[in-house]
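Here is the file my_file-v4.cif (mmCIF, C-alpha atoms; chains and numbers go by the auth columns).
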data_structure
loop_
_atom_site.group_PDB
_atom_site.id
_atom_site.type_symbol
_atom_site.label_atom_id
_atom_site.label_comp_id
_atom_site.label_asym_id
_atom_site.label_seq_id
_atom_site.Cartn_x
_atom_site.Cartn_y
_atom_site.Cartn_z
_atom_site.B_iso_or_equiv
_atom_site.auth_seq_id
_atom_site.auth_asym_id
ATOM 1 C CA MET A 1 5.544 -42.320 97.681 0.00 26 A
ATOM 2 C CA LYS A 2 5.684 -46.131 97.555 0.00 27 A
ATOM 3 C CA GLN A 3 9.107 -47.690 97.106 0.00 28 A
ATOM 4 C CA ALA A 4 9.756 -50.557 94.742 0.00 29 A
ATOM 5 C CA THR A 5 10.628 -53.705 96.661 0.00 30 A
ATOM 6 C CA GLY A 6 11.074 -56.237 93.875 0.00 31 A
ATOM 7 C CA ILE A 7 8.713 -58.684 95.548 0.00 32 A
ATOM 8 C CA ASN A 8 5.573 -57.801 93.604 0.00 33 A
ATOM 9 C CA ASP A 9 3.736 -60.758 92.158 0.00 34 A
ATOM 10 C CA LEU A 10 3.621 -61.484 88.456 0.00 35 A
ATOM 11 C CA LEU A 11 0.139 -60.955 87.106 0.00 36 A
ATOM 12 C CA ALA A 12 -1.402 -62.913 84.249 0.00 37 A
ATOM 13 C CA PHE A 13 -4.571 -61.846 82.456 0.00 38 A
ATOM 14 C CA GLY A 14 -6.818 -63.078 79.647 0.00 39 A
ATOM 15 C CA ASP A 15 -7.867 -61.798 76.233 0.00 40 A
ATOM 16 C CA ASN A 16 -6.550 -58.755 74.374 0.00 41 A
ATOM 17 C CA ARG A 17 -9.127 -56.270 75.702 0.00 42 A
ATOM 18 C CA GLN A 18 -8.429 -57.442 79.244 0.00 43 A
ATOM 19 C CA VAL A 19 -4.680 -57.125 78.705 0.00 44 A
ATOM 20 C CA VAL A 20 -5.031 -53.513 77.505 0.00 45 A
ATOM 21 C CA ARG A 21 -7.263 -52.658 80.481 0.00 46 A
ATOM 22 C CA ASN A 22 -4.938 -54.396 82.915 0.00 47 A
ATOM 23 C CA VAL A 23 -1.788 -52.734 81.588 0.00 48 A
ATOM 24 C CA ILE A 24 -3.446 -49.363 82.265 0.00 49 A
ATOM 25 C CA ARG A 25 -4.749 -50.532 85.654 0.00 50 A
ATOM 26 C CA CYS A 26 -1.297 -51.800 86.634 0.00 51 A
ATOM 27 C CA TYR A 27 0.324 -48.564 85.474 0.00 52 A
ATOM 28 C CA GLU A 28 -2.075 -46.556 87.608 0.00 53 A
ATOM 29 C CA GLN A 29 -1.351 -48.840 90.578 0.00 54 A
ATOM 30 C CA TRP A 30 2.449 -48.915 90.203 0.00 55 A
ATOM 31 C CA ARG A 31 3.301 -45.537 88.662 0.00 56 A
ATOM 32 C CA ASP A 32 4.466 -44.090 91.988 0.00 57 A
ATOM 33 C CA MET A 33 7.105 -46.825 92.415 0.00 58 A
ATOM 34 C CA PRO A 34 10.174 -45.098 91.008 0.00 59 A
ATOM 35 C CA ALA A 35 13.400 -46.797 90.129 0.00 60 A
ATOM 36 C CA ASP A 36 16.530 -45.531 91.852 0.00 61 A
ATOM 37 C CA ILE A 37 17.529 -43.764 88.630 0.00 62 A
ATOM 38 C CA VAL A 38 14.695 -41.215 88.935 0.00 63 A
ATOM 39 C CA GLN A 39 16.397 -39.227 91.708 0.00 64 A
ATOM 40 C CA GLU A 40 19.573 -38.952 89.646 0.00 65 A
ATOM 41 C CA LEU A 41 17.712 -37.433 86.686 0.00 66 A
ATOM 42 C CA ARG A 42 15.997 -34.510 88.350 0.00 67 A
ATOM 43 C CA GLY A 43 17.167 -31.224 86.873 0.00 68 A
ATOM 44 C CA LEU A 44 18.042 -32.624 83.433 0.00 69 A
ATOM 45 C CA ASP A 45 15.987 -31.676 80.382 0.00 70 A
ATOM 46 C CA VAL A 46 13.349 -34.122 79.142 0.00 71 A
ATOM 47 C CA GLU A 47 15.492 -35.429 76.274 0.00 72 A
ATOM 48 C CA ASP A 48 18.375 -36.294 78.625 0.00 73 A
ATOM 49 C CA GLN A 49 16.010 -37.824 81.194 0.00 74 A
ATOM 50 C CA CYS A 50 14.465 -40.038 78.512 0.00 75 A
ATOM 51 C CA ARG A 51 17.842 -41.102 77.110 0.00 76 A
ATOM 52 C CA SER A 52 18.997 -41.980 80.627 0.00 77 A
ATOM 53 C CA ILE A 53 15.855 -43.987 81.462 0.00 78 A
ATOM 54 C CA PHE A 54 16.131 -45.846 78.149 0.00 79 A
ATOM 55 C CA ALA A 55 19.832 -46.589 78.660 0.00 80 A
ATOM 56 C CA TYR A 56 19.220 -47.742 82.243 0.00 81 A
ATOM 57 C CA LEU A 57 16.451 -50.094 81.116 0.00 82 A
ATOM 58 C CA VAL A 58 18.600 -51.515 78.296 0.00 83 A
ATOM 59 C CA ALA A 59 21.547 -52.037 80.669 0.00 84 A
ATOM 60 C CA ASN A 60 19.470 -53.730 83.393 0.00 85 A
ATOM 61 C CA THR A 61 16.844 -55.756 81.532 0.00 86 A
ATOM 62 C CA ASN A 62 16.314 -57.829 78.420 0.00 87 A
ATOM 63 C CA TYR A 63 13.321 -57.957 76.139 0.00 88 A
ATOM 64 C CA LEU A 64 11.729 -61.391 76.506 0.00 89 A
ATOM 65 C CA LEU A 65 8.443 -62.469 74.963 0.00 90 A
ATOM 66 C CA ASP A 66 5.863 -64.059 77.237 0.00 91 A
ATOM 67 C CA PRO A 67 5.282 -67.781 76.642 0.00 92 A
ATOM 68 C CA ALA A 68 2.590 -68.570 74.067 0.00 93 A
ATOM 69 C CA GLY A 69 -0.893 -68.169 75.520 0.00 94 A
ATOM 70 C CA VAL A 70 0.314 -66.319 78.636 0.00 95 A
ATOM 71 C CA GLN A 71 0.301 -62.582 79.326 0.00 96 A
ATOM 72 C CA TYR A 72 2.418 -61.415 82.251 0.00 97 A
ATOM 73 C CA ILE A 73 2.366 -57.825 83.437 0.00 98 A
ATOM 74 C CA LYS A 74 5.290 -57.129 85.756 0.00 99 A
ATOM 75 C CA SER A 75 5.615 -54.212 88.115 0.00 100 A
ATOM 76 C CA PRO A 76 8.719 -52.047 87.568 0.00 101 A
ATOM 77 C CA ALA A 77 10.312 -53.620 90.646 0.00 102 A
ATOM 78 C CA ARG A 78 9.569 -57.161 89.464 0.00 103 A
ATOM 79 C CA LEU A 79 10.972 -56.373 86.015 0.00 104 A
ATOM 80 C CA LEU A 80 14.250 -55.196 87.531 0.00 105 A
ATOM 81 C CA LYS A 81 14.406 -58.189 89.880 0.00 106 A
ATOM 82 C CA ASP A 82 13.800 -60.647 87.030 0.00 107 A
ATOM 83 C CA GLY A 83 15.975 -58.725 84.553 0.00 108 A
ATOM 84 C CA ALA A 84 13.611 -59.483 81.669 0.00 109 A
ATOM 85 C CA GLY A 85 10.113 -58.738 80.440 0.00 110 A
ATOM 86 C CA ASP A 86 8.033 -58.124 77.370 0.00 111 A
ATOM 87 C CA CYS A 87 6.717 -54.861 75.929 0.00 112 A
ATOM 88 C CA LYS A 88 4.061 -54.490 78.636 0.00 113 A
ATOM 89 C CA SER A 89 6.553 -54.670 81.476 0.00 114 A
ATOM 90 C CA LEU A 90 9.162 -52.489 79.764 0.00 115 A
ATOM 91 C CA THR A 91 6.456 -49.902 79.069 0.00 116 A
ATOM 92 C CA LEU A 92 5.297 -49.866 82.676 0.00 117 A
ATOM 93 C CA PHE A 93 8.851 -49.307 83.901 0.00 118 A
ATOM 94 C CA ILE A 94 9.508 -46.387 81.551 0.00 119 A
ATOM 95 C CA ALA A 95 6.071 -44.831 82.076 0.00 120 A
ATOM 96 C CA SER A 96 6.411 -44.996 85.865 0.00 121 A
ATOM 97 C CA CYS A 97 9.777 -43.187 85.627 0.00 122 A
ATOM 98 C CA LEU A 98 8.209 -40.540 83.382 0.00 123 A
ATOM 99 C CA HIS A 99 5.345 -40.109 85.848 0.00 124 A
ATOM 100 C CA CYS A 100 7.694 -39.718 88.814 0.00 125 A
ATOM 101 C CA LEU A 101 9.657 -37.072 86.891 0.00 126 A
ATOM 102 C CA GLY A 102 6.483 -35.202 85.926 0.00 127 A
ATOM 103 C CA ILE A 103 7.024 -35.758 82.197 0.00 128 A
ATOM 104 C CA ARG A 104 3.917 -35.715 80.020 0.00 129 A
ATOM 105 C CA HIS A 105 3.582 -39.088 78.325 0.00 130 A
ATOM 106 C CA THR A 106 1.345 -41.497 76.460 0.00 131 A
ATOM 107 C CA ILE A 107 1.032 -45.266 76.563 0.00 132 A
ATOM 108 C CA ARG A 108 0.407 -46.372 72.967 0.00 133 A
ATOM 109 C CA PHE A 109 -1.021 -49.761 72.005 0.00 134 A
ATOM 110 C CA VAL A 110 -0.541 -50.640 68.328 0.00 135 A
ATOM 111 C CA ASN A 111 -1.501 -53.191 65.729 0.00 136 A
ATOM 112 C CA PHE A 112 0.761 -53.888 62.762 0.00 137 A
ATOM 113 C CA ASP A 113 -1.528 -55.951 60.510 0.00 138 A
ATOM 114 C CA GLY A 114 -4.826 -54.047 60.676 0.00 139 A
ATOM 115 C CA GLY A 115 -6.570 -56.767 62.686 0.00 140 A
ATOM 116 C CA LEU A 116 -8.675 -56.259 65.781 0.00 141 A
ATOM 117 C CA GLN A 117 -6.087 -56.997 68.441 0.00 142 A
ATOM 118 C CA TYR A 118 -3.367 -54.714 69.749 0.00 143 A
ATOM 119 C CA THR A 119 -0.124 -56.650 69.637 0.00 144 A
ATOM 120 C CA HIS A 120 2.426 -54.193 71.008 0.00 145 A
ATOM 121 C CA VAL A 121 2.678 -51.348 73.507 0.00 146 A
ATOM 122 C CA TYR A 122 5.257 -48.635 74.173 0.00 147 A
ATOM 123 C CA PRO A 123 5.491 -45.239 75.883 0.00 148 A
ATOM 124 C CA ILE A 124 5.966 -41.851 74.272 0.00 149 A
ATOM 125 C CA ALA A 125 7.332 -38.888 76.240 0.00 150 A
ATOM 126 C CA TYR A 126 6.887 -35.265 75.222 0.00 151 A
ATOM 127 C CA ARG A 127 9.619 -32.643 75.253 0.00 152 A
ATOM 128 C CA GLU A 128 8.969 -29.202 76.653 0.00 153 A
ATOM 129 C CA ASP A 129 8.008 -28.035 73.133 0.00 154 A
ATOM 130 C CA GLY A 130 5.495 -30.894 72.761 0.00 155 A
ATOM 131 C CA SER A 131 7.505 -32.964 70.280 0.00 156 A
ATOM 132 C CA PRO A 132 7.466 -36.719 70.960 0.00 157 A
ATOM 133 C CA ILE A 133 10.241 -39.027 72.107 0.00 158 A
ATOM 134 C CA ILE A 134 9.445 -42.669 71.361 0.00 159 A
ATOM 135 C CA LEU A 135 10.661 -45.050 74.066 0.00 160 A
ATOM 136 C CA ASP A 136 10.062 -48.464 72.521 0.00 161 A
ATOM 137 C CA ALA A 137 12.768 -50.649 74.062 0.00 162 A
ATOM 138 C CA CYS A 138 11.635 -53.641 71.976 0.00 163 A
ATOM 139 C CA GLU A 139 12.617 -52.324 68.547 0.00 164 A
ATOM 140 C CA MET A 140 16.144 -53.553 67.794 0.00 165 A
ATOM 141 C CA ASP A 141 18.769 -52.544 65.254 0.00 166 A
ATOM 142 C CA ALA A 142 20.800 -55.068 63.229 0.00 167 A
ATOM 143 C CA THR A 143 23.131 -55.671 66.190 0.00 168 A
ATOM 144 C CA GLY A 144 20.266 -56.428 68.589 0.00 169 A
ATOM 145 C CA GLN A 145 20.407 -53.097 70.427 0.00 170 A
ATOM 146 C CA PRO A 146 17.162 -51.255 71.217 0.00 171 A
ATOM 147 C CA ILE A 147 16.681 -48.097 69.135 0.00 172 A
ATOM 148 C CA PHE A 148 16.028 -44.848 71.003 0.00 173 A
ATOM 149 C CA ASN A 149 13.240 -42.657 69.566 0.00 174 A
ATOM 150 C CA TYR A 150 12.008 -45.146 66.975 0.00 175 A
ATOM 151 C CA ALA A 151 8.819 -47.113 66.389 0.00 176 A
ATOM 152 C CA ARG A 152 7.755 -49.307 63.489 0.00 177 A
ATOM 153 C CA PRO A 153 4.888 -48.035 61.350 0.00 178 A
ATOM 154 C CA PHE A 154 1.549 -49.395 62.567 0.00 179 A
ATOM 155 C CA LYS A 155 -1.964 -49.790 61.165 0.00 180 A
ATOM 156 C CA LYS A 156 -3.987 -48.955 64.274 0.00 181 A
ATOM 157 C CA LYS A 157 -3.367 -47.362 67.659 0.00 182 A
ATOM 158 C CA LYS A 158 -5.033 -46.741 70.996 0.00 183 A
ATOM 159 C CA GLU A 159 -3.505 -44.218 73.375 0.00 184 A
ATOM 160 C CA PHE A 160 -3.772 -43.240 77.017 0.00 185 A
ATOM 161 C CA SER A 161 -2.208 -39.883 77.971 0.00 186 A
ATOM 162 C CA TYR A 162 -0.863 -38.792 81.368 0.00 187 A
ATOM 163 C CA ASN A 163 0.444 -35.689 83.224 0.00 188 A
#

Represent the structure from my file as structure tokens, please.
Amino acid sequence: MKQATGINDLLAFGDNRQVVRNVIRCYEQWRDMPADIVQELRGLDVEDQCRSIFAYLVANTNYLLDPAGVQYIKSPARLLKDGAGDCKSLTLFIASCLHCLGIRHTIRFVNFDGGLQYTHVYPIAYREDGSPIILDACEMDATGQPIFNYARPFKKKKEFSYN
């Protein structure tokens, strides 16, 4: 298994279709790069693993939008090194942890206004009974804290499922 080094390059890609394709390509390239937390979570149930991953991400990174006109996709190691990333990078971190733990999951791209472009992405894990756990670290409560197991209603979605 590859180890995360934190020296991975930042990647920038073009239009919306390319971004969706490249998020999935990057996930498939980096999904075997677990964070240190993964080893500590083995043996817990899926709910506790997901809560721990979410809490670890919230404690070690901040949600930060990419600059206008730029789309960065950071590896999990780069995200931790930088301490900040947007929904694409946060999703890749969580999804790679889920993969390394053998948890069935989906990467969901959504659109909130019904237009053609997907404007947000987040992972969903599935408990042993098949019920979903939403891991959108970008949705904040009134105090600015990410909300575990919550996603805003959307108009359109595109999903990629794993494990």

> Which one of A:Met58, A:Ile132, A:Leu123, A:Ala80 sits closest to Ser100 of chain A if you count all atoms listed in the file?
Replying inline: A:Met58

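Taken over the shown file, the PyMOL selection byres ((chain A and resi 159) around 9) identifies A:Tyr147, A:Pro148, A:Ile149, A:Ala150, A:Tyr151, A:Pro157, A:Ile158, A:Leu160, A:Asp161, A:Phe173, A:Asn174, A:Tyr175, A:Ala176.
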
> Distance atom CA of Thr86 of chain A-atom CA of Gln142 of chain A, one decimal place?
Replying inline: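 According to the coordinates, atom CA of Thr86 of chain A and atom CA of Gln142 of chain A are separated by 26.4 Å.
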
>> Excluding Cys163 of chain A and its own-chain neighbours fewer than 6 positions away, which residues fall within 12 Å of it when counting only C-alpha atoms? Please give them as a VMD selection string.
In response: chain A and resid 79 82 to 83 86 to 90 109 to 116 145 to 148 169 to 177

> Which residue out of A:Cys125, A:Val63, A:Val135, A:Leu69 has the minimum interatomic distance to Pro178 of chain A when all atoms listed in the file are used?
Replying inline: A:Val135

> Which residue gives the smallest distance to Arg129 of chain A among A:Tyr143, A:Phe179, A:Tyr97, A:Phe185, with all atoms listed in the file counted?
Replying inline: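 Of all the options, A:Phe185 lies closest to Arg129 of chain A.
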
> When you draw a straight line from atom CA of Arg42 of chain A to atom CA of Lys106 of chain A, how long is it in Å?
Replying inline: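 If I compute the distance from atom CA of Arg42 of chain A to atom CA of Lys106 of chain A, I get 27.5 Å.
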
> What gap, in Å, lies between atom CA of Thr144 of chain A and atom CA of Asp40 of chain A?
Replying inline: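 Pair atom CA of Thr144 of chain A / atom CA of Asp40 of chain A returns 11.4 Å.
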
> On this structure, which residues satisfy the PyMOL selection byres ((chain A and resi 184) around 7), written as a VMD selection string?
Replying inline: chain A and resid 131 to 134 182 to 183 185 to 186

Next, the residues of the selection above should be written as a PDB file, in the coordinates of the input with C-alpha atoms.
ATOM      1  CA  THR A 131       1.345 -41.497  76.460  1.00  0.00           C
ATOM      2  CA  ILE A 132       1.032 -45.266  76.563  1.00  0.00           C
ATOM      3  CA  ARG A 133       0.407 -46.372  72.967  1.00  0.00           C
ATOM      4  CA  PHE A 134      -1.021 -49.761  72.005  1.00  0.00           C
ATOM      5  CA  LYS A 182      -3.367 -47.362  67.659  1.00  0.00           C
ATOM      6  CA  LYS A 183      -5.033 -46.741  70.996  1.00  0.00           C
ATOM      7  CA  PHE A 185      -3.772 -43.240  77.017  1.00  0.00           C
ATOM      8  CA  SER A 186      -2.208 -39.883  77.971  1.00  0.00           C
TER       9      SER A 186
END

>> List as number ranges by chain the protein and nucleic acid residues near Leu126 of chain A, meaning an atom at most 9 Å away when only C-alpha atoms are counted, but skip any in the same chain fewer than 6 places from it.
In response: A: 63-64, 66-67, 74
